[in-house]
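Novice: This is coords-v1.pdb, which holds PDB, C-alpha atoms and all ligand atoms:
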```
ATOM      1  CA  MET T   1      73.274  42.752  20.935
ATOM      2  CA  ASN T   2      72.295  40.291  18.260
ATOM      3  CA  GLU T   3      72.198  41.094  14.554
ATOM      4  CA  ALA T   4      68.428  41.110  14.245
ATOM      5  CA  ALA T   5      68.127  43.595  17.090
ATOM      6  CA  THR T   6      70.525  46.019  15.474
ATOM      7  CA  ALA T   7      68.692  45.707  12.155
ATOM      8  CA  GLY T   8      65.313  46.329  13.823
ATOM      9  CA  THR T   9      63.802  43.262  12.140
ATOM     10  CA  PRO T  10      61.678  40.707  13.998
ATOM     11  CA  ALA T  11      63.533  37.713  15.404
ATOM     12  CA  ILE T  12      60.732  35.571  13.972
ATOM     13  CA  ARG T  13      58.259  36.468  11.270
ATOM     14  CA  VAL T  14      55.625  34.084   9.973
ATOM     15  CA  ASN T  15      53.233  35.129   7.214
ATOM     16  CA  ALA T  16      50.134  33.215   6.146
ATOM     17  CA  LEU T  17      51.668  29.843   6.967
ATOM     18  CA  SER T  18      49.388  26.846   6.493
ATOM     19  CA  LYS T  19      50.136  23.162   6.814
ATOM     20  CA  THR T  20      47.826  20.334   5.854
ATOM     21  CA  PHE T  21      48.528  16.682   6.600
ATOM     22  CA  LYS T  22      46.334  14.521   4.358
ATOM     23  CA  GLY T  23      43.325  16.757   4.729
ATOM     24  CA  CYS T  24      44.037  17.566   8.384
ATOM     25  CA  THR T  25      44.773  21.239   8.995
ATOM     26  CA  ALA T  26      47.717  21.485  11.361
ATOM     27  CA  LEU T  27      48.436  25.187  10.729
ATOM     28  CA  ASP T  28      45.782  27.539   9.444
ATOM     29  CA  SER T  29      47.147  30.737   7.920
ATOM     30  CA  VAL T  30      49.365  31.612  10.879
ATOM     31  CA  SER T  31      50.882  35.102  10.872
ATOM     32  CA  ILE T  32      53.007  36.254  13.790
ATOM     33  CA  ALA T  33      55.955  38.550  14.412
ATOM     34  CA  ILE T  34      58.165  38.213  17.461
ATOM     35  CA  ALA T  35      60.648  40.952  18.292
ATOM     36  CA  PRO T  36      64.208  40.245  19.407
ATOM     37  CA  GLY T  37      64.326  39.745  23.164
ATOM     38  CA  GLU T  38      60.703  38.704  23.625
ATOM     39  CA  MET T  39      59.692  35.709  25.721
ATOM     40  CA  VAL T  40      56.545  34.218  24.249
ATOM     41  CA  ALA T  41      54.410  31.281  25.357
ATOM     42  CA  LEU T  42      52.718  29.090  22.784
ATOM     43  CA  ILE T  43      49.640  27.446  24.251
ATOM     44  CA  GLY T  44      46.784  25.352  22.946
ATOM     45  CA  ALA T  45      45.155  21.979  23.387
ATOM     46  CA  SER T  46      46.879  18.774  22.344
ATOM     47  CA  GLY T  47      46.934  18.667  18.545
ATOM     48  CA  SER T  48      46.465  22.433  18.154
ATOM     49  CA  GLY T  49      49.699  22.784  16.173
ATOM     50  CA  LYS T  50      52.294  24.012  18.679
ATOM     51  CA  SER T  51      55.035  21.522  17.765
ATOM     52  CA  THR T  52      54.200  21.814  14.079
ATOM     53  CA  LEU T  53      54.636  25.591  14.209
ATOM     54  CA  LEU T  54      57.966  25.305  16.056
ATOM     55  CA  ARG T  55      59.210  22.784  13.478
ATOM     56  CA  HIS T  56      58.320  25.154  10.661
ATOM     57  CA  LEU T  57      60.321  27.974  12.230
ATOM     58  CA  THR T  58      63.604  26.327  11.329
ATOM     59  CA  GLY T  59      62.458  24.534   8.220
ATOM     60  CA  LEU T  60      62.322  21.076   9.826
ATOM     61  CA  ALA T  61      58.861  20.980   8.261
ATOM     62  CA  LEU T  62      57.639  22.790   5.171
ATOM     63  CA  GLY T  63      54.322  24.589   4.821
ATOM     64  CA  ASP T  64      51.769  24.094   2.066
ATOM     65  CA  ASP T  65      52.996  25.317  -1.267
ATOM     66  CA  ARG T  66      50.391  27.991  -2.074
ATOM     67  CA  MET T  67      51.768  30.680   0.165
ATOM     68  CA  GLY T  68      53.333  31.066   3.581
ATOM     69  CA  ARG T  69      56.671  32.479   4.567
ATOM     70  CA  VAL T  70      58.969  32.124   7.564
ATOM     71  CA  GLU T  71      61.915  34.377   8.368
ATOM     72  CA  VAL T  72      64.154  33.954  11.385
ATOM     73  CA  LEU T  73      66.684  36.593  12.450
ATOM     74  CA  GLY T  74      66.018  38.474   9.255
ATOM     75  CA  THR T  75      66.846  35.481   7.052
ATOM     76  CA  PRO T  76      64.328  33.534   4.949
ATOM     77  CA  VAL T  77      63.759  29.971   6.178
ATOM     78  CA  GLN T  78      60.973  28.901   3.828
ATOM     79  CA  ALA T  79      58.537  30.354   1.340
ATOM     80  CA  CYS T  80      55.616  28.694  -0.446
ATOM     81  CA  GLY T  81      56.583  25.258   0.819
ATOM     82  CA  ARG T  82      60.208  25.532  -0.254
ATOM     83  CA  LEU T  83      63.208  25.597   2.002
ATOM     84  CA  ALA T  84      65.348  28.697   1.546
ATOM     85  CA  GLY T  85      68.883  28.176   0.279
ATOM     86  CA  ASP T  86      71.611  27.832   2.858
ATOM     87  CA  ILE T  87      69.717  27.927   6.137
ATOM     88  CA  ARG T  88      72.465  26.149   8.045
ATOM     89  CA  ARG T  89      73.809  29.388   9.399
ATOM     90  CA  THR T  90      70.343  30.455  10.531
ATOM     91  CA  ARG T  91      69.773  27.091  12.245
ATOM     92  CA  SER T  92      73.104  27.445  14.030
ATOM     93  CA  ARG T  93      71.742  30.636  15.613
ATOM     94  CA  VAL T  94      68.670  28.846  16.986
ATOM     95  CA  GLY T  95      68.787  26.597  20.046
ATOM     96  CA  PHE T  96      66.284  23.807  20.648
ATOM     97  CA  VAL T  97      65.021  22.465  23.925
ATOM     98  CA  PHE T  98      62.682  19.458  23.874
ATOM     99  CA  GLN T  99      60.443  17.724  26.365
ATOM    100  CA  GLN T 100      62.673  14.647  26.289
ATOM    101  CA  PHE T 101      65.910  16.659  26.818
ATOM    102  CA  ASN T 102      67.703  15.070  23.816
ATOM    103  CA  LEU T 103      70.973  14.474  25.619
ATOM    104  CA  VAL T 104      73.225  11.479  24.976
ATOM    105  CA  GLY T 105      72.780   9.707  28.305
ATOM    106  CA  ARG T 106      76.015   7.719  28.347
ATOM    107  CA  LEU T 107      78.192  10.769  27.657
ATOM    108  CA  PRO T 108      79.265  13.302  30.272
ATOM    109  CA  VAL T 109      77.207  16.446  30.697
ATOM    110  CA  MET T 110      80.247  18.448  29.530
ATOM    111  CA  THR T 111      80.325  16.580  26.203
ATOM    112  CA  ASN T 112      76.612  17.089  25.686
ATOM    113  CA  VAL T 113      76.875  20.780  26.412
ATOM    114  CA  LEU T 114      79.858  21.233  24.113
ATOM    115  CA  ALA T 115      77.853  19.636  21.338
ATOM    116  CA  GLY T 116      76.272  23.110  21.284
ATOM    117  CA  SER T 117      79.463  24.406  19.755
ATOM    118  CA  LEU T 118      79.626  21.805  16.993
ATOM    119  CA  GLY T 119      80.760  23.671  13.986
ATOM    120  CA  ARG T 120      83.403  25.270  16.139
ATOM    121  CA  VAL T 121      84.551  22.009  17.797
ATOM    122  CA  PRO T 122      85.197  19.121  15.372
ATOM    123  CA  LEU T 123      82.862  16.175  16.047
ATOM    124  CA  TRP T 124      85.641  13.654  16.708
ATOM    125  CA  ARG T 125      87.192  15.919  19.325
ATOM    126  CA  SER T 126      83.843  16.460  20.977
ATOM    127  CA  MET T 127      83.129  12.703  21.068
ATOM    128  CA  THR T 128      86.521  11.867  22.524
ATOM    129  CA  GLY T 129      86.165  14.544  25.156
ATOM    130  CA  ARG T 130      89.341  16.327  24.099
ATOM    131  CA  PHE T 131      88.340  19.888  24.609
ATOM    132  CA  THR T 132      90.554  22.920  24.842
ATOM    133  CA  ALA T 133      90.748  24.738  28.159
ATOM    134  CA  GLU T 134      88.814  27.582  26.591
ATOM    135  CA  GLU T 135      86.009  25.255  25.461
ATOM    136  CA  ARG T 136      85.786  23.666  28.883
ATOM    137  CA  GLN T 137      85.590  27.066  30.485
ATOM    138  CA  LEU T 138      82.796  28.089  28.138
ATOM    139  CA  ALA T 139      80.819  24.975  29.038
ATOM    140  CA  LEU T 140      81.535  25.351  32.761
ATOM    141  CA  ASP T 141      80.356  28.958  32.671
ATOM    142  CA  ALA T 142      77.158  27.848  30.916
ATOM    143  CA  LEU T 143      76.586  25.048  33.442
ATOM    144  CA  ASP T 144      77.243  27.485  36.243
ATOM    145  CA  ARG T 145      74.610  29.847  34.876
ATOM    146  CA  VAL T 146      72.001  27.088  34.876
ATOM    147  CA  GLY T 147      73.078  25.972  38.359
ATOM    148  CA  ILE T 148      74.673  22.574  37.653
ATOM    149  CA  ALA T 149      78.410  23.296  37.311
ATOM    150  CA  ASP T 150      79.094  20.457  39.779
ATOM    151  CA  LYS T 151      77.569  17.970  37.321
ATOM    152  CA  ALA T 152      79.952  18.706  34.438
ATOM    153  CA  TRP T 153      81.678  15.310  34.447
ATOM    154  CA  VAL T 154      78.886  12.928  35.365
ATOM    155  CA  ARG T 155      76.928  10.975  32.788
ATOM    156  CA  ALA T 156      73.941  12.903  31.496
ATOM    157  CA  SER T 157      71.686   9.932  32.318
ATOM    158  CA  SER T 158      72.487  10.271  36.008
ATOM    159  CA  LEU T 159      70.945  13.744  36.213
ATOM    160  CA  SER T 160      67.373  14.346  37.298
ATOM    161  CA  GLY T 161      64.915  15.413  34.599
ATOM    162  CA  GLY T 162      65.111  19.049  35.653
ATOM    163  CA  GLN T 163      68.913  18.969  35.666
ATOM    164  CA  GLN T 164      68.956  17.358  32.217
ATOM    165  CA  GLN T 165      66.716  20.108  30.928
ATOM    166  CA  ARG T 166      69.013  22.739  32.409
ATOM    167  CA  ALA T 167      71.951  20.991  30.698
ATOM    168  CA  ALA T 168      70.005  21.228  27.439
ATOM    169  CA  ILE T 169      69.595  24.956  28.069
ATOM    170  CA  ALA T 170      73.332  25.246  28.836
ATOM    171  CA  ARG T 171      73.952  23.698  25.424
ATOM    172  CA  THR T 172      72.070  26.582  23.794
ATOM    173  CA  LEU T 173      74.266  29.009  25.772
ATOM    174  CA  VAL T 174      77.443  27.362  24.485
ATOM    175  CA  GLN T 175      75.904  27.502  21.038
ATOM    176  CA  LYS T 176      75.407  31.258  21.591
ATOM    177  CA  ALA T 177      71.876  30.842  20.284
ATOM    178  CA  GLU T 178      70.054  34.103  19.607
ATOM    179  CA  VAL T 179      66.672  32.368  19.591
ATOM    180  CA  ILE T 180      65.622  29.474  21.828
ATOM    181  CA  LEU T 181      62.674  27.335  20.733
ATOM    182  CA  ALA T 182      61.487  25.132  23.571
ATOM    183  CA  ASP T 183      58.789  22.536  22.904
ATOM    184  CA  GLU T 184      57.100  21.630  26.177
ATOM    185  CA  PRO T 185      60.349  21.783  28.155
ATOM    186  CA  ILE T 186      58.593  21.215  31.467
ATOM    187  CA  ALA T 187      55.958  18.668  30.437
ATOM    188  CA  SER T 188      57.660  15.767  32.176
ATOM    189  CA  LEU T 189      58.962  17.638  35.219
ATOM    190  CA  ASP T 190      57.662  18.083  38.740
ATOM    191  CA  PRO T 191      56.500  21.590  39.766
ATOM    192  CA  VAL T 192      59.749  22.581  41.508
ATOM    193  CA  SER T 193      61.933  21.483  38.575
ATOM    194  CA  SER T 194      59.480  23.145  36.200
ATOM    195  CA  ARG T 195      59.877  26.450  38.004
ATOM    196  CA  ARG T 196      63.672  26.171  37.900
ATOM    197  CA  VAL T 197      63.674  25.478  34.180
ATOM    198  CA  MET T 198      61.296  28.360  33.441
ATOM    199  CA  GLU T 199      63.306  30.689  35.678
ATOM    200  CA  THR T 200      66.470  29.659  33.842
ATOM    201  CA  LEU T 201      64.895  30.450  30.474
ATOM    202  CA  ALA T 202      63.520  33.751  31.787
ATOM    203  CA  ARG T 203      66.912  34.765  33.172
ATOM    204  CA  ILE T 204      68.700  34.028  29.892
ATOM    205  CA  ASN T 205      66.003  35.971  28.085
ATOM    206  CA  ALA T 206      66.374  38.961  30.445
ATOM    207  CA  GLU T 207      70.159  38.954  30.767
ATOM    208  CA  ASP T 208      71.223  38.060  27.227
ATOM    209  CA  GLY T 209      68.261  39.353  25.242
ATOM    210  CA  VAL T 210      67.782  35.900  23.711
ATOM    211  CA  THR T 211      64.367  35.533  22.082
ATOM    212  CA  VAL T 212      62.466  32.637  23.653
ATOM    213  CA  VAL T 213      59.404  30.854  22.293
ATOM    214  CA  VAL T 214      58.192  28.133  24.612
ATOM    215  CA  SER T 215      55.228  25.815  24.130
ATOM    216  CA  LEU T 216      53.490  24.932  27.358
ATOM    217  CA  HIS T 217      50.530  22.957  28.557
ATOM    218  CA  GLN T 218      50.655  24.673  31.912
ATOM    219  CA  VAL T 219      48.858  27.952  31.339
ATOM    220  CA  ASP T 220      49.762  29.296  34.762
ATOM    221  CA  PHE T 221      53.460  28.978  33.851
ATOM    222  CA  ALA T 222      52.811  30.873  30.610
ATOM    223  CA  ILE T 223      51.164  33.651  32.574
ATOM    224  CA  ARG T 224      53.870  33.746  35.213
ATOM    225  CA  TYR T 225      56.956  33.679  32.998
ATOM    226  CA  CYS T 226      55.990  34.945  29.553
ATOM    227  CA  PRO T 227      54.782  38.504  29.026
ATOM    228  CA  ARG T 228      53.136  37.486  25.752
ATOM    229  CA  THR T 229      51.073  34.436  24.841
ATOM    230  CA  ILE T 230      50.102  33.104  21.437
ATOM    231  CA  ALA T 231      47.224  30.628  21.599
ATOM    232  CA  LEU T 232      46.526  28.121  18.842
ATOM    233  CA  LYS T 233      43.274  26.307  18.222
ATOM    234  CA  LYS T 234      43.075  23.824  15.352
ATOM    235  CA  GLY T 235      46.149  25.430  13.853
ATOM    236  CA  ALA T 236      44.840  28.996  13.926
ATOM    237  CA  VAL T 237      46.007  31.812  16.175
ATOM    238  CA  ILE T 238      43.014  32.690  18.328
ATOM    239  CA  TYR T 239      44.835  34.905  20.813
ATOM    240  CA  ASP T 240      48.052  36.872  20.565
ATOM    241  CA  GLY T 241      48.632  39.409  23.286
ATOM    242  CA  PRO T 242      49.636  40.022  26.876
ATOM    243  CA  SER T 243      49.536  36.870  28.980
ATOM    244  CA  ALA T 244      48.023  38.922  31.792
ATOM    245  CA  ALA T 245      44.992  39.624  29.607
ATOM    246  CA  LEU T 246      44.098  35.952  29.047
ATOM    247  CA  THR T 247      40.599  35.318  30.323
ATOM    248  CA  PRO T 248      39.092  32.201  31.852
ATOM    249  CA  ARG T 249      36.567  32.237  29.006
ATOM    250  CA  LEU T 250      39.334  32.141  26.395
ATOM    251  CA  LEU T 251      41.088  29.324  28.247
ATOM    252  CA  GLN T 252      37.862  27.353  28.311
ATOM    253  CA  ASP T 253      37.366  27.968  24.594
ATOM    254  CA  LEU T 254      40.962  27.018  23.917
ATOM    255  CA  TYR T 255      40.967  23.727  25.748
ATOM    256  CA  GLY T 256      37.325  22.730  25.225
ATOM    257  CA  SER T 257      36.879  19.075  26.105
ATOM    258  CA  GLN T 258      40.474  18.891  27.351
ATOM    259  CA  ALA T 259      39.662  21.478  30.013
ATOM    260  CA  GLU T 260      38.594  18.757  32.403
ATOM    261  CA  GLU T 261      41.798  16.816  31.829
ATOM    262  CA  LEU T 262      43.823  19.951  32.503
ATOM    263  CA  GLY T 263      41.530  20.673  35.466
ATOM    264  CA  SER T 264      43.888  21.907  38.146
ATOM    265  CA  ASP T 265      46.124  23.700  35.661
ATOM    266  CA  LEU T 266      43.233  25.637  34.255
ATOM    267  CA  THR T 267      41.765  26.406  37.632
ATOM    268  CA  GLY T 268      45.191  27.641  38.711
ATOM    269  CA  ALA T 269      45.543  29.718  35.584
ATOM    270  CA  ALA T 270      42.034  31.064  35.889
ATOM    271  CA  SER T 271      42.564  32.115  39.483
ATOM    272  CA  PHE T 272      45.932  33.567  38.540
ATOM    273  CA  VAL T 273      44.249  35.571  35.781
ATOM    274  CA  THR T 274      41.440  36.513  38.139
ATOM    275  CA  GLY T 275      43.976  37.567  40.734
ATOM    276  CA  LEU T 276      45.743  39.767  38.213
ATOM    277  CA  ARG T 277      42.525  41.218  36.886
ATOM    278  CA  PRO T 278      39.946  41.645  39.607
ATOM    279  CA  GLY T 279      36.460  41.510  38.165
ATOM    280  CA  TYR T 280      36.904  38.264  36.243
ATOM    281  CA  ALA T 281      34.740  35.435  37.438
ATOM    282  CA  LEU T 282      36.736  32.436  38.597
ATOM    283  CA  ALA T 283      34.565  29.784  37.012
ATOM    284  CA  ALA T 284      36.112  28.680  33.747
ATOM    285  CA  ASN T 285      32.718  28.773  32.056
ATOM    286  CA  ALA T 286      31.792  32.212  33.354
TER
HETATM  287  N1  LIG T 301      53.905  14.137  10.656
HETATM  288  C1  LIG T 301      52.578  14.239  10.772
HETATM  289  N2  LIG T 301      51.750  13.516   9.978
HETATM  290  C2  LIG T 301      50.418  13.641  10.066
HETATM  291  N3  LIG T 301      49.780  14.476  10.921
HETATM  292  C3  LIG T 301      50.549  15.203  11.737
HETATM  293  C4  LIG T 301      51.982  15.135  11.713
HETATM  294  N4  LIG T 301      52.489  16.003  12.630
HETATM  295  C5  LIG T 301      51.410  16.586  13.225
HETATM  296  N5  LIG T 301      50.258  16.100  12.698
HETATM  297  C6  LIG T 301      48.902  16.538  13.070
HETATM  298  O1  LIG T 301      48.906  17.951  13.100
HETATM  299  C7  LIG T 301      48.138  18.424  14.202
HETATM  300  C8  LIG T 301      49.003  19.300  15.092
HETATM  301  O2  LIG T 301      49.928  18.475  15.770
HETATM  302  P1  LIG T 301      51.026  19.045  16.779
HETATM  303  O3  LIG T 301      51.894  17.894  17.150
HETATM  304  O4  LIG T 301      51.684  20.224  16.172
HETATM  305  O5  LIG T 301      50.129  19.515  18.006
HETATM  306  P2  LIG T 301      50.617  20.021  19.423
HETATM  307  O6  LIG T 301      49.868  21.285  19.706
HETATM  308  O7  LIG T 301      52.089  20.084  19.497
HETATM  309  O8  LIG T 301      50.037  18.880  20.381
HETATM  310  P3  LIG T 301      50.633  18.328  21.781
HETATM  311  O9  LIG T 301      50.236  19.337  22.803
HETATM  312  O10 LIG T 301      49.924  17.025  21.970
HETATM  313  O11 LIG T 301      52.114  18.191  21.654
HETATM  314  C9  LIG T 301      47.574  17.201  14.881
HETATM  315  O12 LIG T 301      46.277  16.962  14.374
HETATM  316  C10 LIG T 301      48.522  16.095  14.466
HETATM  317  O13 LIG T 301      47.874  14.861  14.453
HETATM  318 MG    MG T 302      53.518  19.129  20.657
END
```
What is this file in structure tokens?
Specialist:
Amino acid sequence: MNEAATAGTPAIRVNALSKTFKGCTALDSVSIAIAPGEMVALIGASGSGKSTLLRHLTGLALGDDRMGRVEVLGTPVQACGRLAGDIRRTRSRVGFVFQQFNLVGRLPVMTNVLAGSLGRVPLWRSMTGRFTAEERQLALDALDRVGIADKAWVRASSLSGGQQQRAAIARTLVQKAEVILADEPIASLDPVSSRRVMETLARINAEDGVTVVVSLHQVDFAIRYCPRTIALKKGAVIYDGPSAALTPRLLQDLYGSQAEELGSDLTGAASFVTGLRPGYALAANA
């Protein structure tokens, strides 16, 4: 069990966090608490602040200086626009997964995955591929868990998008991350690969108790894989609750003029919601 769980503190706590970019409000007094072991979807239209919020969680971006606090795994990350002192250790406990995979294409999958243990493995040894048997085993076990153990020694660039994303998830396993922050991990994947990636995240969440926060454009995936959804609109939290209780009306409000663009996704999500909760009208504008 991870340290935060034993201490009973939230894995992630955000209080009154605001972020303004030259007069543009990217985060509007966001307050959330996520317990250890939760799997939470972050949804919202393009520009609603999902990536900005994720970046603030590890201090890659700093909030406005009036107020606003972020704590991760019981450790301060930032307060009033200032980075907390030594947050390196906290960052080392958080794994990142990005839409664009962030693997080094010309290096073997094994090397990319073992980059998750940087800090334990010296950089030069990682780059030259000289790993100990124990390190290799750790990486192989991680690759096995995400279903691509047979790809350990091929170049990362030769993997499909879905496989690259699963390698990125394996890297967080090697890192022994207690929190995984995934920013649109399935945005550039086909539906089958998307399902595999979401299932992989859900399994790690269920089996290891790793806290997962995943931003998604596909609302139906949020509903299917994440018990809880936080919805952002213009930087403000406008819904935070069970994914199964999302309503077509809220989805329409959330996506506004982008609803048409997201058409099939929203219709799918709306019918999914309707299916879960008989009595809801299917039409998004009901
Ligand atoms: N570095 C920056 N400089 C200026 N404005 C920024 C910066 N980063 C984000 N923004 C603005 O903050 C708002 C939130 O952006 P953010 O990227 O967090 O949205 P998002 O929900 O992740 O969108 P998408 O779904 O398109 O990824 C947007 O209006 C964006 O233009
Ligand atoms: Mg984004």
Novice: Any residue with an atom at most 7 Å from ligand LIG 301 (chain T) counts, using only C-alpha atoms and all ligand atoms. Which are they? Put them as a list in words.
Specialist: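 The neighbouring residues of ligand LIG 301 (chain T) are, in order, Phe21, Cys24, Thr25, Ala26, Gly44, Ala45, Ser46, Gly47, Ser48, Gly49, Lys50, Ser51, Thr52, Leu53, His217 and Gly235 of chain T.
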Novice: Would you list the residues near (76.6, 19.5, 38.1), meaning any protein, DNA or RNA residue with an atom at most 12 Å from that point in file coordinates, counting only C-alpha atoms, as a PyMOL selection string?
Specialist: chain T and resi 108-110+113+139-156+158-160+162-164+166-167+170
Novice: Give the answer as one residue: which of T:Val214, T:Met198, T:Ala168, T:Ala133 has the shortest atom-to-atom distance to ligand MG 302 (chain T), using all atoms listed in the file?
Specialist: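 Checking each candidate against ligand MG 302 (chain T), we get T:Val214 as the closest.
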Novice: I need the output of the PyMOL selection byres (((chain T and resi 57) around 8) and not hetatm) for this file as a list in words; which residues are they?
Specialist: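 So the PyMOL selection byres (((chain T and resi 57) around 8) and not hetatm) ends up selecting Ile12, Leu53, Leu54, Arg55, His56, Thr58, Gly59, Leu60, Val70, Glu71, Val72 and Val77 of chain T.
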Novice: Between T:Asp183, T:Asp190, T:Asp253, T:Glu178, which has the minimum distance to ligand MG 302 (chain T) (counting only C-alpha atoms and all ligand atoms)?
Specialist: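 For ligand MG 302 (chain T), the nearest of the given residues is T:Asp183.
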Novice: Report as lines of an AutoDock Vina configuration file the centre and the edge lengths, in Å to one decimal, of the axis-aligned box holding every listed atom of stretch 169-183 of chain T, padded by 6 Å on each side.
Specialist:
```
center_x = 68.1
center_y = 28.3
center_z = 24.2
size_x = 30.7
size_y = 23.6
size_z = 21.2
```
Novice: Rounded to one decimal in Å, what is the spacing between atom CA of T:Thr200 and atom CA of T:Leu254?
Specialist: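 Interatomic distance here is 27.5 Å.
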Novice: Go through T:Val210, T:Leu42, T:Val237, T:Val94 one by one, measure the shortest atom-to-atom distance of each to ligand MG 302 (chain T) using only C-alpha atoms and all ligand atoms, and give the residue with the smallest value.
Specialist: T:Leu42
Novice: Exactly which residues make up the result of the PyMOL selection byres (((chain T and resi 30-37) around 6) and not hetatm) on this file, given as a CSV table (one decimal) with C-alpha atoms, in the coordinates of the input?
Specialist:
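For reference, part_18.csv as written:
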```csv
chain,number,residue,atom,x,y,z
T,5,ALA,CA,68.1,43.6,17.1
T,10,PRO,CA,61.7,40.7,14.0
T,11,ALA,CA,63.5,37.7,15.4
T,12,ILE,CA,60.7,35.6,14.0
T,13,ARG,CA,58.3,36.5,11.3
T,14,VAL,CA,55.6,34.1,10.0
T,15,ASN,CA,53.2,35.1,7.2
T,16,ALA,CA,50.1,33.2,6.1
T,17,LEU,CA,51.7,29.8,7.0
T,28,ASP,CA,45.8,27.5,9.4
T,29,SER,CA,47.1,30.7,7.9
T,38,GLU,CA,60.7,38.7,23.6
T,209,GLY,CA,68.3,39.4,25.2
T,210,VAL,CA,67.8,35.9,23.7
T,211,THR,CA,64.4,35.5,22.1
```
Novice: Write out as a PDB file with C-alpha atoms, in the frame of the given file the residues lying within 9 Å of T:Pro242, counting all atoms listed in the file and excluding same-chain residues fewer than 5 positions away.
Specialist:
```pdb
ATOM      1  CA  ILE T 223      51.164  33.651  32.574  1.00  0.00           C
ATOM      2  CA  CYS T 226      55.990  34.945  29.553  1.00  0.00           C
ATOM      3  CA  PRO T 227      54.782  38.504  29.026  1.00  0.00           C
ATOM      4  CA  ARG T 228      53.136  37.486  25.752  1.00  0.00           C
ATOM      5  CA  THR T 229      51.073  34.436  24.841  1.00  0.00           C
ATOM      6  CA  ILE T 230      50.102  33.104  21.437  1.00  0.00           C
TER       7      ILE T 230
END
```
Novice: Could you tell me which residues the PyMOL selection byres (((chain T and resi 62) around 8) and not hetatm) grabs in this file, written as a list of chain:residue names?
Specialist: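 What the PyMOL selection byres (((chain T and resi 62) around 8) and not hetatm) grabs from the file is T:Lys19, T:His56, T:Gly59, T:Leu60, T:Ala61, T:Gly63, T:Asp64, T:Gln78, T:Gly81, T:Arg82, T:Leu83.
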Novice: Atom CA of T:Arg66 and atom CA of T:Ile238 are how many Å apart?
Specialist: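 Straight-line distance from atom CA of T:Arg66 to atom CA of T:Ile238 works out to 22.2 Å.
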Novice: Excluding T:Ala187 and residues on its chain fewer than 3 positions from it, collect all residues at most 10 Å away from it, counting all atoms listed in the file, and give them as a PDB file with C-alpha atoms, keeping the file's coordinate frame.
Specialist:
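Saved the output as selection25.pdb:
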```pdb
ATOM      1  CA  PHE T  98      62.682  19.458  23.874  1.00  0.00           C
ATOM      2  CA  GLN T  99      60.443  17.724  26.365  1.00  0.00           C
ATOM      3  CA  GLN T 100      62.673  14.647  26.289  1.00  0.00           C
ATOM      4  CA  ASP T 183      58.789  22.536  22.904  1.00  0.00           C
ATOM      5  CA  GLU T 184      57.100  21.630  26.177  1.00  0.00           C
ATOM      6  CA  ASP T 190      57.662  18.083  38.740  1.00  0.00           C
ATOM      7  CA  PRO T 191      56.500  21.590  39.766  1.00  0.00           C
ATOM      8  CA  SER T 194      59.480  23.145  36.200  1.00  0.00           C
ATOM      9  CA  SER T 215      55.228  25.815  24.130  1.00  0.00           C
ATOM     10  CA  LEU T 216      53.490  24.932  27.358  1.00  0.00           C
ATOM     11  CA  HIS T 217      50.530  22.957  28.557  1.00  0.00           C
ATOM     12  CA  GLN T 218      50.655  24.673  31.912  1.00  0.00           C
TER      13      GLN T 218
END
```
Novice: Which one of T:Arg249, T:Leu173, T:Leu232, T:Gly85 sits closest to ligand MG 302 (chain T) if you count all atoms listed in the file?
Specialist: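 Closest residue, counting all atoms listed in the file: T:Leu232.
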Novice: Please report the interatomic distance between atom CA of T:Gly95 and atom CA of T:Thr9 in Å with one decimal.
Specialist: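 Those two atoms sit 19.1 Å apart.
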Novice: Just checking: using only C-alpha atoms and all ligand atoms, which residue out of T:Gly161, T:Ala79, T:Ala182, T:Glu199 ends up closest to ligand MG 302 (chain T)?
Specialist: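 Of T:Gly161, T:Ala79, T:Ala182, T:Glu199, the one nearest ligand MG 302 (chain T) is T:Ala182, counting only C-alpha atoms and all ligand atoms.
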Novice: Point out the residue among T:Arg196, T:Ala84, T:Arg224, T:Pro185 with the least atom-to-atom distance to ligand MG 302 (chain T), counting all atoms listed in the file.
Specialist: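 Looking only at the distances to ligand MG 302 (chain T), the closest residue turns out to be T:Pro185.
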Novice: With N, CA and C atoms as the goal, would you fill in the gaps in stretch 100-107 of chain T and present it as a compact mmCIF listing (two decimals), in the coordinates of the input?
Specialist:
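Full text of selection_32.txt as output:
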```txt
# COMPACT_ATOMS: atom_id res chain seq x y z
N GLN T 100 61.88 15.82 25.89
CA GLN T 100 62.67 14.65 26.29
C GLN T 100 64.17 14.93 26.41
N PHE T 101 64.54 16.21 26.52
CA PHE T 101 65.91 16.66 26.82
C PHE T 101 66.89 16.47 25.66
N ASN T 102 66.80 15.34 24.95
CA ASN T 102 67.70 15.07 23.82
C ASN T 102 69.19 15.18 24.16
N LEU T 103 69.56 14.57 25.28
CA LEU T 103 70.97 14.47 25.62
C LEU T 103 71.41 13.04 25.33
N VAL T 104 72.72 12.84 25.12
CA VAL T 104 73.22 11.48 24.98
C VAL T 104 73.57 10.99 26.38
N GLY T 105 72.72 10.09 26.90
CA GLY T 105 72.78 9.71 28.30
C GLY T 105 74.11 9.15 28.77
N ARG T 106 74.79 8.39 27.89
CA ARG T 106 76.02 7.72 28.35
C ARG T 106 77.23 8.66 28.31
N LEU T 107 77.06 9.83 27.72
CA LEU T 107 78.19 10.77 27.66
C LEU T 107 78.11 11.79 28.79
```
